[in-house]
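Asks: Please see the structure below; I have some questions.
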Amino acid sequence: MIRTRFAPSPTGYMHIGNLRTALYEYLIAKSQGGKFVLRIEDTDRERFVDGATDIIYNTLKLSGIKHDEGPDVGGPYGPYVQSERKNDYLKYALELVEKGEAYYCFCTKERLDSLKSETSGHEQVAKYDRHCLSLSKEEIAQKLADGTPYVIRQKIKDGTTTFHDEVYGDITVPNADLEDQILIKSDGYPTYNFANVIDDHNMHITHVVRGDEYLSSTPKYNLLYDAFGWDIPTYIHLPPVMKDQHSKLSKRNGDASFQDLLEKGYLPEAIINYIALLGWSPSVNCEIFTIDELVEAFDIKGLSKSPAIFDPVKLTWMNGEYIKKLDFDKFYSLAEPVLKASVKTDGIDLKKLASYVQTRIGTINEIADMVDFVDELPKYETSLYVHKKMKTTEEMCLEHLKKAVPVLEGLDEWTNDSIYNALIALIGELGIKNGQMLWPVRTALSGKPTSPCGASELAELLGKEESLKRLNKGIEMLTK
Ligand code: GLU
């Protein structure tokens, strides 16, 4: 039985790359009838952010990525929050010390810092010099008895480590490149690197899916699995989601997180559909997938090792496709707050307006710009009346508006149908093309190059009085 896990550190926001990882973990498990586990990796207490775990739960819930086990739903291998497992890890570290696969290190921060400056210019790669590896049993016992602060380090053995990754293939590294990493910190907490291995084993995780920034640590994890005599999971490392050719998408650089996208008016379903395709190609020629369809279509073979570029234009297009397909009541519940904030004029049929915009927007927030003409006729240039395809000129528009006004004024019933029929009858009488009348009327009513609906719908929406006012304003502007 395949078991995957999403192991986020609660940072306070959901990075798009992390959400994609969660999605692939879910899809890998569900496409094989397996289980998907949520585990919160909060051992880095300094980075702990209040409320951050709620963001993780909410994101998964909104995205339709349902975990079978996790802190909030329980499961046979809990607790699923690492800080609650804190006391377990030491026992494993001590087992390794016992086996000669790990050792106590009492080095002070000052000593470790001095190691860094000795290798000036390469501070970040300064490896621990194994100073404490040579301590005698007695020295160690004495220091422990004295209460000297310590960490426990992994003892990397000689040789090379080879492993297979489903995306990157076979990788071999010389162990000399690996540091004797810390397993248990001086505060008693495990490091992320240690807790991750212990938990993956204890939670029976078969497939480890994560960002490729962990590829270089994987040999160290494998040495730990070997030291314990445990089975190594299948690895699936994912290339980063990029902002452009050169830089990764990053919240720190102001790129959108999942919450930011929701606030910008994207639908969770569309975001999920879009990010599924960032690094995975379906074998079928299709782009629109519900999460259940993704489960059906998903195959690890479709994962790519080339970084994917996050394209907001494509996401907006896809979001528009999802908005079009929403049933109207659902759409209206999303559109209503934006409409109410944008349209203050009494008596405007917001539902009707919503039905016009539904097929014309990429995001819910675009509605605001689209309906801004309702409260107040925007300032516009008379050149807006000139339309090549409809073969209209300013003079012609002036003439046609002058004919339209008295006809509309005379209407007793002010509905889309009655307005449309009256204009069409007039068009017939004048022997002109539809566009040569409807374009100037639409322009005068909206003052914009595009509007969410045509001339008669606009007139009905704005009401008789306001419509005639705007048409007369058009006449006035065109009269030179
Ligand atoms: N806690 C790690 C992170 O948030 C998880 C890495 C992993 O999946 O192993 O990046």
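Ligands are numbered from 1 in the order shown, residues from 1 within each chain, and chains are lettered A, B, ... in the order they appear in the structure tokens.
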For ligand 1, return the neighbouring residues as JSON, numbers by chain (distance at most 6 Å; only C-alpha atoms and all ligand atoms).

Replies: {"A": [7, 8, 9, 41, 210]}

Asks: I want to know what sits within 12 Å of range 349-353 of chain A, based on only C-alpha atoms, with residues of the same chain fewer than 6 positions away left out; could you give that as number ranges by chain?

Replies: A: 328-343, 359-360, 367-368, 370-374, 416, 451-454, 457-463

Asks: Between CA of Leu445 in chain A and CA of Lys389 in chain A, what is the spacing in Å?

Replies: 19.8 Å

Asks: Mind pulling up the distance from CA of Pro233 in chain A to CA of Val208 in chain A?

Replies: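 Computing the Euclidean distance for CA of Val208 in chain A and CA of Pro233 in chain A yields 6.4 Å.
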
Asks: Residues near Asp244 in chain A, anyone? I mean within 8 Å using only C-alpha atoms, not counting same-chain ones fewer than 4 positions away, as an NGL selection string.

Replies: :A and (248 or 309-310)

Asks: Suppose we keep N, CA, C and O atoms; can you now write the selection as a compact mmCIF listing (two decimals), in the first residue's frame?

Replies:
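The result, stored in selection.txt:
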```txt
# COMPACT_ATOMS: atom_id res chain seq x y z
N LYS A 248 13.47 31.58 -8.69
CA LYS A 248 12.38 30.75 -8.17
C LYS A 248 11.24 31.64 -7.73
O LYS A 248 11.46 32.78 -7.32
N ILE A 309 7.71 27.19 -15.23
CA ILE A 309 7.54 28.62 -14.98
C ILE A 309 6.06 28.92 -14.70
O ILE A 309 5.18 28.49 -15.44
N PHE A 310 5.85 29.61 -13.60
CA PHE A 310 4.50 29.99 -13.19
C PHE A 310 4.04 31.14 -14.08
O PHE A 310 4.63 32.21 -14.06
```

Asks: What's the separation between CA of Lys35 in chain A and CA of Thr4 in chain A, in Å to one decimal place?

Replies: 6.5 Å

Asks: I'd like to know which residues of range 407-474 of chain A are alpha helix (DSSP H) (by DSSP, run on the backbone); could you write them as a tab-separated table (two decimals) with all heavy atoms, in the first residue's frame?

Replies:
```
chain	number	residue	atom	x	y	z
A	407	VAL	N	-37.05	57.48	-30.28
A	407	VAL	CA	-37.69	56.16	-30.31
A	407	VAL	C	-37.68	55.55	-28.91
A	407	VAL	O	-38.69	55.04	-28.42
A	407	VAL	CB	-36.95	55.24	-31.32
A	407	VAL	CG1	-37.44	53.80	-31.19
A	407	VAL	CG2	-37.13	55.75	-32.74
A	408	LEU	N	-36.54	55.63	-28.25
A	408	LEU	CA	-36.42	55.04	-26.91
A	408	LEU	C	-37.26	55.83	-25.90
A	408	LEU	O	-37.89	55.25	-25.01
A	408	LEU	CB	-34.96	54.97	-26.47
A	408	LEU	CG	-34.08	54.04	-27.33
A	408	LEU	CD1	-32.63	54.06	-26.85
A	408	LEU	CD2	-34.60	52.60	-27.32
A	409	GLU	N	-37.26	57.12	-26.09
A	409	GLU	CA	-38.06	57.97	-25.20
A	409	GLU	C	-39.53	57.54	-25.23
A	409	GLU	O	-40.22	57.56	-24.21
A	409	GLU	CB	-37.96	59.42	-25.68
A	409	GLU	CG	-37.41	60.36	-24.63
A	409	GLU	CD	-36.93	61.67	-25.25
A	409	GLU	OE1	-37.17	61.91	-26.47
A	409	GLU	OE2	-36.31	62.44	-24.52
A	416	ASN	N	-35.07	44.72	-21.89
A	416	ASN	CA	-34.08	44.38	-22.92
A	416	ASN	C	-34.79	44.10	-24.25
A	416	ASN	O	-34.41	44.64	-25.29
A	416	ASN	CB	-33.28	43.15	-22.43
A	416	ASN	CG	-32.24	42.71	-23.42
A	416	ASN	OD1	-31.84	43.47	-24.31
A	416	ASN	ND2	-31.79	41.48	-23.29
A	417	ASP	N	-35.85	43.29	-24.19
A	417	ASP	CA	-36.56	42.93	-25.43
A	417	ASP	C	-37.18	44.13	-26.11
A	417	ASP	O	-37.03	44.32	-27.33
A	417	ASP	CB	-37.68	41.91	-25.12
A	417	ASP	CG	-37.11	40.51	-25.01
A	417	ASP	OD1	-35.92	40.34	-25.35
A	417	ASP	OD2	-37.85	39.61	-24.55
A	418	SER	N	-37.89	44.96	-25.32
A	418	SER	CA	-38.58	46.08	-25.96
A	418	SER	C	-37.57	47.07	-26.54
A	418	SER	O	-37.77	47.63	-27.63
A	418	SER	CB	-39.53	46.78	-24.97
A	418	SER	OG	-38.78	47.38	-23.94
A	419	ILE	N	-36.46	47.27	-25.83
A	419	ILE	CA	-35.43	48.20	-26.32
A	419	ILE	C	-34.80	47.64	-27.59
A	419	ILE	O	-34.64	48.33	-28.59
A	419	ILE	CB	-34.35	48.45	-25.23
A	419	ILE	CG1	-34.99	49.05	-23.98
A	419	ILE	CG2	-33.22	49.32	-25.76
A	419	ILE	CD1	-34.16	48.96	-22.71
A	420	TYR	N	-34.47	46.35	-27.52
A	420	TYR	CA	-33.81	45.71	-28.66
A	420	TYR	C	-34.73	45.76	-29.89
A	420	TYR	O	-34.31	46.15	-30.98
A	420	TYR	CB	-33.46	44.26	-28.31
A	420	TYR	CG	-32.68	43.55	-29.39
A	420	TYR	CD1	-31.32	43.80	-29.58
A	420	TYR	CD2	-33.31	42.63	-30.26
A	420	TYR	CE1	-30.60	43.17	-30.57
A	420	TYR	CE2	-32.59	42.00	-31.26
A	420	TYR	CZ	-31.23	42.27	-31.41
A	420	TYR	OH	-30.53	41.65	-32.41
A	421	ASN	N	-36.00	45.38	-29.70
A	421	ASN	CA	-36.94	45.37	-30.83
A	421	ASN	C	-37.11	46.75	-31.43
A	421	ASN	O	-37.16	46.92	-32.66
A	421	ASN	CB	-38.29	44.81	-30.39
A	421	ASN	CG	-38.18	43.31	-30.07
A	421	ASN	OD1	-37.26	42.65	-30.54
A	421	ASN	ND2	-39.10	42.80	-29.26
A	422	ALA	N	-37.16	47.76	-30.55
A	422	ALA	CA	-37.33	49.12	-31.05
A	422	ALA	C	-36.12	49.55	-31.89
A	422	ALA	O	-36.27	50.16	-32.95
A	422	ALA	CB	-37.54	50.08	-29.88
A	423	LEU	N	-34.93	49.20	-31.38
A	423	LEU	CA	-33.71	49.60	-32.12
A	423	LEU	C	-33.62	48.85	-33.45
A	423	LEU	O	-33.26	49.43	-34.47
A	423	LEU	CB	-32.46	49.35	-31.27
A	423	LEU	CG	-32.28	50.29	-30.06
A	423	LEU	CD1	-31.09	49.86	-29.20
A	423	LEU	CD2	-32.09	51.75	-30.51
A	424	ILE	N	-33.98	47.56	-33.42
A	424	ILE	CA	-33.91	46.76	-34.66
A	424	ILE	C	-34.91	47.31	-35.69
A	424	ILE	O	-34.61	47.40	-36.89
A	424	ILE	CB	-34.16	45.26	-34.35
A	424	ILE	CG1	-32.98	44.68	-33.57
A	424	ILE	CG2	-34.40	44.44	-35.64
A	424	ILE	CD1	-31.63	44.65	-34.29
A	425	ALA	N	-36.09	47.69	-35.22
A	425	ALA	CA	-37.08	48.25	-36.15
A	425	ALA	C	-36.53	49.55	-36.77
A	425	ALA	O	-36.65	49.77	-37.98
A	425	ALA	CB	-38.39	48.53	-35.40
A	426	LEU	N	-35.90	50.36	-35.95
A	426	LEU	CA	-35.34	51.61	-36.44
A	426	LEU	C	-34.23	51.34	-37.46
A	426	LEU	O	-34.13	52.02	-38.50
A	426	LEU	CB	-34.81	52.42	-35.24
A	426	LEU	CG	-34.16	53.76	-35.53
A	426	LEU	CD1	-35.13	54.73	-36.21
A	426	LEU	CD2	-33.63	54.41	-34.24
A	427	ILE	N	-33.39	50.34	-37.14
A	427	ILE	CA	-32.30	49.95	-38.05
A	427	ILE	C	-32.89	49.57	-39.41
A	427	ILE	O	-32.39	49.97	-40.47
A	427	ILE	CB	-31.50	48.76	-37.44
A	427	ILE	CG1	-30.62	49.27	-36.28
A	427	ILE	CG2	-30.65	48.05	-38.48
A	427	ILE	CD1	-30.08	48.18	-35.35
A	428	GLY	N	-34.00	48.82	-39.36
A	428	GLY	CA	-34.67	48.40	-40.59
A	428	GLY	C	-35.16	49.61	-41.39
A	428	GLY	O	-34.94	49.71	-42.60
A	429	GLU	N	-35.80	50.50	-40.68
A	429	GLU	CA	-36.31	51.72	-41.32
A	429	GLU	C	-35.22	52.52	-42.00
A	429	GLU	O	-35.38	53.02	-43.12
A	429	GLU	CB	-36.89	52.64	-40.24
A	429	GLU	CG	-38.39	52.73	-40.20
A	429	GLU	CD	-38.80	53.52	-38.95
A	429	GLU	OE1	-38.37	54.68	-38.83
A	429	GLU	OE2	-39.49	52.91	-38.09
A	430	LEU	N	-34.07	52.62	-41.29
A	430	LEU	CA	-32.97	53.44	-41.81
A	430	LEU	C	-32.15	52.70	-42.85
A	430	LEU	O	-31.33	53.28	-43.55
A	430	LEU	CB	-32.04	53.88	-40.67
A	430	LEU	CG	-32.66	54.77	-39.59
A	430	LEU	CD1	-31.68	54.98	-38.44
A	430	LEU	CD2	-33.07	56.13	-40.16
A	434	ASN	N	-26.85	46.51	-38.28
A	434	ASN	CA	-27.12	46.51	-36.83
A	434	ASN	C	-26.06	47.25	-36.04
A	434	ASN	O	-26.36	48.08	-35.19
A	434	ASN	CB	-27.19	45.06	-36.30
A	434	ASN	CG	-28.48	44.38	-36.71
A	434	ASN	OD1	-29.30	44.96	-37.44
A	434	ASN	ND2	-28.67	43.15	-36.25
A	435	GLY	N	-24.79	46.92	-36.35
A	435	GLY	CA	-23.69	47.50	-35.59
A	435	GLY	C	-23.64	49.02	-35.68
A	435	GLY	O	-23.16	49.68	-34.76
A	436	GLN	N	-24.11	49.55	-36.79
A	436	GLN	CA	-24.02	51.00	-36.98
A	436	GLN	C	-24.97	51.76	-36.05
A	436	GLN	O	-24.82	52.95	-35.83
A	436	GLN	CB	-24.28	51.35	-38.44
A	436	GLN	CG	-23.14	50.81	-39.30
A	436	GLN	CD	-23.37	50.97	-40.77
A	436	GLN	OE1	-24.52	50.95	-41.24
A	436	GLN	NE2	-22.29	51.12	-41.52
A	437	MET	N	-25.93	51.06	-35.48
A	437	MET	CA	-26.79	51.66	-34.46
A	437	MET	C	-26.39	51.16	-33.05
A	437	MET	O	-26.26	51.94	-32.12
A	437	MET	CB	-28.26	51.27	-34.73
A	437	MET	CG	-29.24	51.75	-33.69
A	437	MET	SD	-29.24	53.57	-33.53
A	437	MET	CE	-30.22	54.02	-34.96
A	438	LEU	N	-26.17	49.84	-32.97
A	438	LEU	CA	-25.93	49.27	-31.63
A	438	LEU	C	-24.58	49.72	-31.05
A	438	LEU	O	-24.46	49.92	-29.85
A	438	LEU	CB	-26.03	47.74	-31.68
A	438	LEU	CG	-27.40	47.22	-32.14
A	438	LEU	CD1	-27.42	45.69	-32.22
A	438	LEU	CD2	-28.55	47.69	-31.22
A	439	TRP	N	-23.58	49.88	-31.92
A	439	TRP	CA	-22.26	50.32	-31.43
A	439	TRP	C	-22.32	51.72	-30.81
A	439	TRP	O	-21.87	51.89	-29.66
A	439	TRP	CB	-21.21	50.23	-32.54
A	439	TRP	CG	-19.87	50.71	-32.09
A	439	TRP	CD1	-19.30	51.91	-32.35
A	439	TRP	CD2	-18.96	50.02	-31.22
A	439	TRP	NE1	-18.08	52.03	-31.72
A	439	TRP	CE2	-17.85	50.87	-31.01
A	439	TRP	CE3	-18.97	48.77	-30.58
A	439	TRP	CZ2	-16.77	50.52	-30.21
A	439	TRP	CZ3	-17.88	48.43	-29.79
A	439	TRP	CH2	-16.80	49.29	-29.60
A	440	PRO	N	-22.85	52.72	-31.52
A	440	PRO	CA	-22.91	54.04	-30.87
A	440	PRO	C	-23.77	54.04	-29.61
A	440	PRO	O	-23.41	54.71	-28.63
A	440	PRO	CB	-23.51	54.96	-31.94
A	440	PRO	CG	-23.93	54.10	-33.07
A	440	PRO	CD	-23.22	52.80	-32.95
A	441	VAL	N	-24.86	53.31	-29.58
A	441	VAL	CA	-25.70	53.29	-28.37
A	441	VAL	C	-24.91	52.66	-27.21
A	441	VAL	O	-24.85	53.20	-26.11
A	441	VAL	CB	-27.03	52.52	-28.63
A	441	VAL	CG1	-27.81	52.35	-27.32
A	441	VAL	CG2	-27.88	53.26	-29.66
A	442	ARG	N	-24.25	51.54	-27.51
A	442	ARG	CA	-23.45	50.85	-26.49
A	442	ARG	C	-22.34	51.77	-25.96
A	442	ARG	O	-22.09	51.87	-24.76
A	442	ARG	CB	-22.83	49.58	-27.09
A	442	ARG	CG	-22.21	48.64	-26.08
A	442	ARG	CD	-21.06	47.84	-26.70
A	442	ARG	NE	-19.96	48.73	-27.06
A	442	ARG	CZ	-19.08	49.22	-26.18
A	442	ARG	NH1	-19.16	48.87	-24.91
A	442	ARG	NH2	-18.13	50.06	-26.56
A	443	THR	N	-21.70	52.47	-26.88
A	443	THR	CA	-20.60	53.36	-26.50
A	443	THR	C	-21.10	54.51	-25.62
A	443	THR	O	-20.52	54.81	-24.58
A	443	THR	CB	-19.92	53.93	-27.77
A	443	THR	OG1	-19.50	52.82	-28.57
A	443	THR	CG2	-18.72	54.80	-27.43
A	444	ALA	N	-22.20	55.12	-26.04
A	444	ALA	CA	-22.73	56.25	-25.26
A	444	ALA	C	-23.16	55.80	-23.86
A	444	ALA	O	-23.02	56.54	-22.90
A	444	ALA	CB	-23.92	56.87	-26.00
A	445	LEU	N	-23.66	54.57	-23.75
A	445	LEU	CA	-24.16	54.10	-22.45
A	445	LEU	C	-23.03	53.69	-21.51
A	445	LEU	O	-23.13	53.86	-20.30
A	445	LEU	CB	-25.11	52.91	-22.65
A	445	LEU	CG	-26.44	53.25	-23.34
A	445	LEU	CD1	-27.24	51.97	-23.59
A	445	LEU	CD2	-27.26	54.23	-22.50
A	446	SER	N	-21.95	53.16	-22.07
A	446	SER	CA	-20.88	52.65	-21.21
A	446	SER	C	-19.68	53.58	-21.13
A	446	SER	O	-18.95	53.56	-20.14
A	446	SER	CB	-20.41	51.28	-21.70
A	446	SER	OG	-19.75	51.43	-22.95
A	455	ALA	N	-25.88	46.81	-26.22
A	455	ALA	CA	-26.60	48.08	-26.08
A	455	ALA	C	-27.91	47.94	-25.31
A	455	ALA	O	-28.16	48.67	-24.34
A	455	ALA	CB	-26.86	48.65	-27.46
A	456	SER	N	-28.77	47.00	-25.73
A	456	SER	CA	-30.09	46.93	-25.10
A	456	SER	C	-30.01	46.43	-23.66
A	456	SER	O	-30.74	46.91	-22.79
A	456	SER	CB	-31.03	46.05	-25.93
A	456	SER	OG	-30.43	44.78	-26.13
A	457	GLU	N	-29.09	45.50	-23.39
A	457	GLU	CA	-28.92	45.03	-22.00
A	457	GLU	C	-28.43	46.17	-21.12
A	457	GLU	O	-28.88	46.33	-19.98
A	457	GLU	CB	-27.91	43.88	-21.91
A	457	GLU	CG	-28.40	42.55	-22.44
A	457	GLU	CD	-27.83	42.24	-23.81
A	457	GLU	OE1	-27.31	43.18	-24.46
A	457	GLU	OE2	-27.93	41.08	-24.25
A	458	LEU	N	-27.49	46.94	-21.66
A	458	LEU	CA	-26.97	48.08	-20.89
A	458	LEU	C	-28.09	49.06	-20.57
A	458	LEU	O	-28.20	49.56	-19.44
A	458	LEU	CB	-25.90	48.82	-21.69
A	458	LEU	CG	-24.49	48.21	-21.74
A	458	LEU	CD1	-23.59	49.08	-22.62
A	458	LEU	CD2	-23.89	48.10	-20.34
A	459	ALA	N	-28.91	49.34	-21.58
A	459	ALA	CA	-29.98	50.33	-21.39
A	459	ALA	C	-30.97	49.83	-20.33
A	459	ALA	O	-31.38	50.58	-19.43
A	459	ALA	CB	-30.70	50.57	-22.71
A	460	GLU	N	-31.32	48.56	-20.42
A	460	GLU	CA	-32.24	48.01	-19.43
A	460	GLU	C	-31.65	48.13	-18.02
A	460	GLU	O	-32.30	48.56	-17.07
A	460	GLU	CB	-32.53	46.54	-19.74
A	460	GLU	CG	-33.45	45.90	-18.72
A	460	GLU	CD	-33.49	44.38	-18.85
A	460	GLU	OE1	-32.42	43.74	-18.82
A	460	GLU	OE2	-34.61	43.84	-18.97
A	461	LEU	N	-30.38	47.77	-17.91
A	461	LEU	CA	-29.69	47.78	-16.62
A	461	LEU	C	-29.64	49.17	-16.01
A	461	LEU	O	-29.91	49.37	-14.82
A	461	LEU	CB	-28.27	47.27	-16.86
A	461	LEU	CG	-27.44	46.90	-15.67
A	461	LEU	CD1	-27.89	45.53	-15.14
A	461	LEU	CD2	-25.96	46.82	-16.07
A	462	LEU	N	-29.31	50.16	-16.83
A	462	LEU	CA	-29.13	51.53	-16.31
A	462	LEU	C	-30.46	52.22	-16.05
A	462	LEU	O	-30.52	53.22	-15.31
A	462	LEU	CB	-28.30	52.37	-17.29
A	462	LEU	CG	-26.83	51.93	-17.47
A	462	LEU	CD1	-26.19	52.65	-18.66
A	462	LEU	CD2	-26.03	52.19	-16.20
A	464	LYS	N	-34.30	53.81	-17.79
A	464	LYS	CA	-34.64	54.70	-18.89
A	464	LYS	C	-34.01	56.09	-18.73
A	464	LYS	O	-33.36	56.62	-19.63
A	464	LYS	CB	-36.17	54.83	-18.99
A	464	LYS	CG	-36.64	55.57	-20.23
A	464	LYS	CD	-38.14	55.43	-20.38
A	464	LYS	CE	-38.61	56.15	-21.63
A	464	LYS	NZ	-40.06	56.04	-21.81
A	465	GLU	N	-34.18	56.64	-17.54
A	465	GLU	CA	-33.74	58.02	-17.33
A	465	GLU	C	-32.24	58.17	-17.53
A	465	GLU	O	-31.77	59.04	-18.28
A	465	GLU	CB	-34.12	58.43	-15.90
A	465	GLU	CG	-34.08	59.90	-15.68
A	465	GLU	CD	-34.29	60.23	-14.20
A	465	GLU	OE1	-35.05	59.51	-13.52
A	465	GLU	OE2	-33.66	61.20	-13.75
A	466	GLU	N	-31.49	57.29	-16.86
A	466	GLU	CA	-30.02	57.38	-16.95
A	466	GLU	C	-29.56	57.09	-18.39
A	466	GLU	O	-28.64	57.74	-18.90
A	466	GLU	CB	-29.39	56.39	-15.96
A	466	GLU	CG	-27.88	56.33	-15.96
A	466	GLU	CD	-27.18	57.61	-15.50
A	466	GLU	OE1	-27.84	58.47	-14.87
A	466	GLU	OE2	-25.97	57.77	-15.79
A	467	SER	N	-30.22	56.13	-19.04
A	467	SER	CA	-29.81	55.79	-20.41
A	467	SER	C	-29.99	56.99	-21.33
A	467	SER	O	-29.10	57.33	-22.11
A	467	SER	CB	-30.64	54.62	-20.94
A	467	SER	OG	-30.39	53.48	-20.16
A	468	LEU	N	-31.17	57.63	-21.22
A	468	LEU	CA	-31.41	58.78	-22.12
A	468	LEU	C	-30.43	59.92	-21.81
A	468	LEU	O	-29.94	60.59	-22.72
A	468	LEU	CB	-32.86	59.25	-21.98
A	468	LEU	CG	-33.86	58.25	-22.61
A	468	LEU	CD1	-35.30	58.59	-22.21
A	468	LEU	CD2	-33.73	58.21	-24.14
A	469	LYS	N	-30.13	60.06	-20.54
A	469	LYS	CA	-29.15	61.09	-20.16
A	469	LYS	C	-27.80	60.82	-20.85
A	469	LYS	O	-27.17	61.71	-21.41
A	469	LYS	CB	-28.98	61.06	-18.63
A	469	LYS	CG	-28.58	62.36	-18.02
A	469	LYS	CD	-28.77	62.33	-16.51
A	469	LYS	CE	-27.40	62.36	-15.85
A	469	LYS	NZ	-27.47	62.01	-14.44
A	470	ARG	N	-27.39	59.56	-20.83
A	470	ARG	CA	-26.08	59.22	-21.41
A	470	ARG	C	-26.11	59.32	-22.94
A	470	ARG	O	-25.12	59.72	-23.56
A	470	ARG	CB	-25.65	57.81	-20.97
A	470	ARG	CG	-25.33	57.75	-19.48
A	470	ARG	CD	-24.79	56.40	-19.05
A	470	ARG	NE	-24.57	56.39	-17.60
A	470	ARG	CZ	-23.78	55.53	-16.95
A	470	ARG	NH1	-23.16	54.58	-17.62
A	470	ARG	NH2	-23.63	55.60	-15.64
A	471	LEU	N	-27.24	58.96	-23.53
A	471	LEU	CA	-27.33	59.06	-24.99
A	471	LEU	C	-27.28	60.54	-25.41
A	471	LEU	O	-26.59	60.91	-26.37
A	471	LEU	CB	-28.63	58.40	-25.48
A	471	LEU	CG	-28.67	56.86	-25.31
A	471	LEU	CD1	-30.07	56.33	-25.58
A	471	LEU	CD2	-27.65	56.18	-26.21
A	472	ASN	N	-27.97	61.38	-24.66
A	472	ASN	CA	-27.95	62.82	-24.98
A	472	ASN	C	-26.57	63.42	-24.76
A	472	ASN	O	-26.14	64.30	-25.50
A	472	ASN	CB	-29.00	63.56	-24.15
A	472	ASN	CG	-30.40	63.33	-24.71
A	472	ASN	OD1	-30.57	63.32	-25.94
A	472	ASN	ND2	-31.37	63.08	-23.85
A	473	LYS	N	-25.89	62.90	-23.76
A	473	LYS	CA	-24.52	63.35	-23.51
A	473	LYS	C	-23.64	63.01	-24.72
A	473	LYS	O	-22.80	63.80	-25.17
A	473	LYS	CB	-24.00	62.66	-22.24
A	473	LYS	CG	-22.54	62.78	-21.98
A	473	LYS	CD	-22.24	64.05	-21.22
A	473	LYS	CE	-20.71	64.16	-21.02
A	473	LYS	NZ	-20.28	65.46	-20.70
A	474	GLY	N	-23.87	61.79	-25.27
A	474	GLY	CA	-23.12	61.37	-26.46
A	474	GLY	C	-23.38	62.32	-27.62
A	474	GLY	O	-22.46	62.74	-28.33
```

Asks: Any chance you could list, as a PyMOL selection string, the residues in range 160-319 of chain A that come up strand (DSSP E) when DSSP is run on the backbone?

Replies: chain A and resi 160-165+169-174+182-184+207-211+234-238+241-242+308-309

Asks: Point out the residue among A:Pro71, A:Pro307, A:Gly254, A:Gly188 with the least atom-to-atom distance to Pro239 in chain A, counting only C-alpha atoms.

Replies: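 Answer, going by the shortest atom-to-atom distance: A:Pro307.
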
Asks: I want to know what sits within 7 Å of range 106-109 of chain A, based on only C-alpha atoms, with residues of the same chain fewer than 6 positions away left out; could you give that as a list in words?

Replies: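 Contacts, with the query itself left out: Cys132, Thr148, Pro149, Tyr150 and Val151 of chain A.
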
Asks: Please produce a file of those selected residues containing all heavy atoms, as a PDB file, in the first residue's frame.

Replies:
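Final output, saved to out_14.pdb:
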```
ATOM      1  N   CYS A 132      34.850  16.179  18.341  1.00  0.00           N
ATOM      2  CA  CYS A 132      34.351  15.385  19.472  1.00  0.00           C
ATOM      3  C   CYS A 132      34.303  13.882  19.201  1.00  0.00           C
ATOM      4  O   CYS A 132      33.985  13.106  20.091  1.00  0.00           O
ATOM      5  CB  CYS A 132      32.969  15.885  19.902  1.00  0.00           C
ATOM      6  SG  CYS A 132      33.054  17.495  20.693  1.00  0.00           S
ATOM      7  N   THR A 148      27.258  19.589  30.703  1.00  0.00           N
ATOM      8  CA  THR A 148      27.737  20.391  29.562  1.00  0.00           C
ATOM      9  C   THR A 148      26.744  20.258  28.405  1.00  0.00           C
ATOM     10  O   THR A 148      26.346  19.139  28.072  1.00  0.00           O
ATOM     11  CB  THR A 148      29.133  19.865  29.084  1.00  0.00           C
ATOM     12  OG1 THR A 148      29.950  19.674  30.232  1.00  0.00           O
ATOM     13  CG2 THR A 148      29.769  20.819  28.090  1.00  0.00           C
ATOM     14  N   PRO A 149      26.328  21.374  27.835  1.00  0.00           N
ATOM     15  CA  PRO A 149      25.374  21.274  26.717  1.00  0.00           C
ATOM     16  C   PRO A 149      25.973  20.477  25.555  1.00  0.00           C
ATOM     17  O   PRO A 149      27.176  20.586  25.297  1.00  0.00           O
ATOM     18  CB  PRO A 149      25.146  22.732  26.294  1.00  0.00           C
ATOM     19  CG  PRO A 149      25.687  23.569  27.409  1.00  0.00           C
ATOM     20  CD  PRO A 149      26.704  22.767  28.129  1.00  0.00           C
ATOM     21  N   TYR A 150      25.136  19.729  24.904  1.00  0.00           N
ATOM     22  CA  TYR A 150      25.658  18.900  23.805  1.00  0.00           C
ATOM     23  C   TYR A 150      24.634  18.774  22.675  1.00  0.00           C
ATOM     24  O   TYR A 150      23.441  19.044  22.868  1.00  0.00           O
ATOM     25  CB  TYR A 150      26.022  17.495  24.320  1.00  0.00           C
ATOM     26  CG  TYR A 150      24.816  16.693  24.761  1.00  0.00           C
ATOM     27  CD1 TYR A 150      24.062  15.938  23.835  1.00  0.00           C
ATOM     28  CD2 TYR A 150      24.394  16.686  26.097  1.00  0.00           C
ATOM     29  CE1 TYR A 150      22.946  15.215  24.245  1.00  0.00           C
ATOM     30  CE2 TYR A 150      23.280  15.972  26.501  1.00  0.00           C
ATOM     31  CZ  TYR A 150      22.557  15.242  25.569  1.00  0.00           C
ATOM     32  OH  TYR A 150      21.456  14.547  25.963  1.00  0.00           O
ATOM     33  N   VAL A 151      25.141  18.372  21.528  1.00  0.00           N
ATOM     34  CA  VAL A 151      24.270  17.938  20.433  1.00  0.00           C
ATOM     35  C   VAL A 151      24.682  16.507  20.098  1.00  0.00           C
ATOM     36  O   VAL A 151      25.731  16.050  20.549  1.00  0.00           O
ATOM     37  CB  VAL A 151      24.432  18.840  19.173  1.00  0.00           C
ATOM     38  CG1 VAL A 151      24.096  20.285  19.489  1.00  0.00           C
ATOM     39  CG2 VAL A 151      25.825  18.727  18.572  1.00  0.00           C
TER      40      VAL A 151
END
```
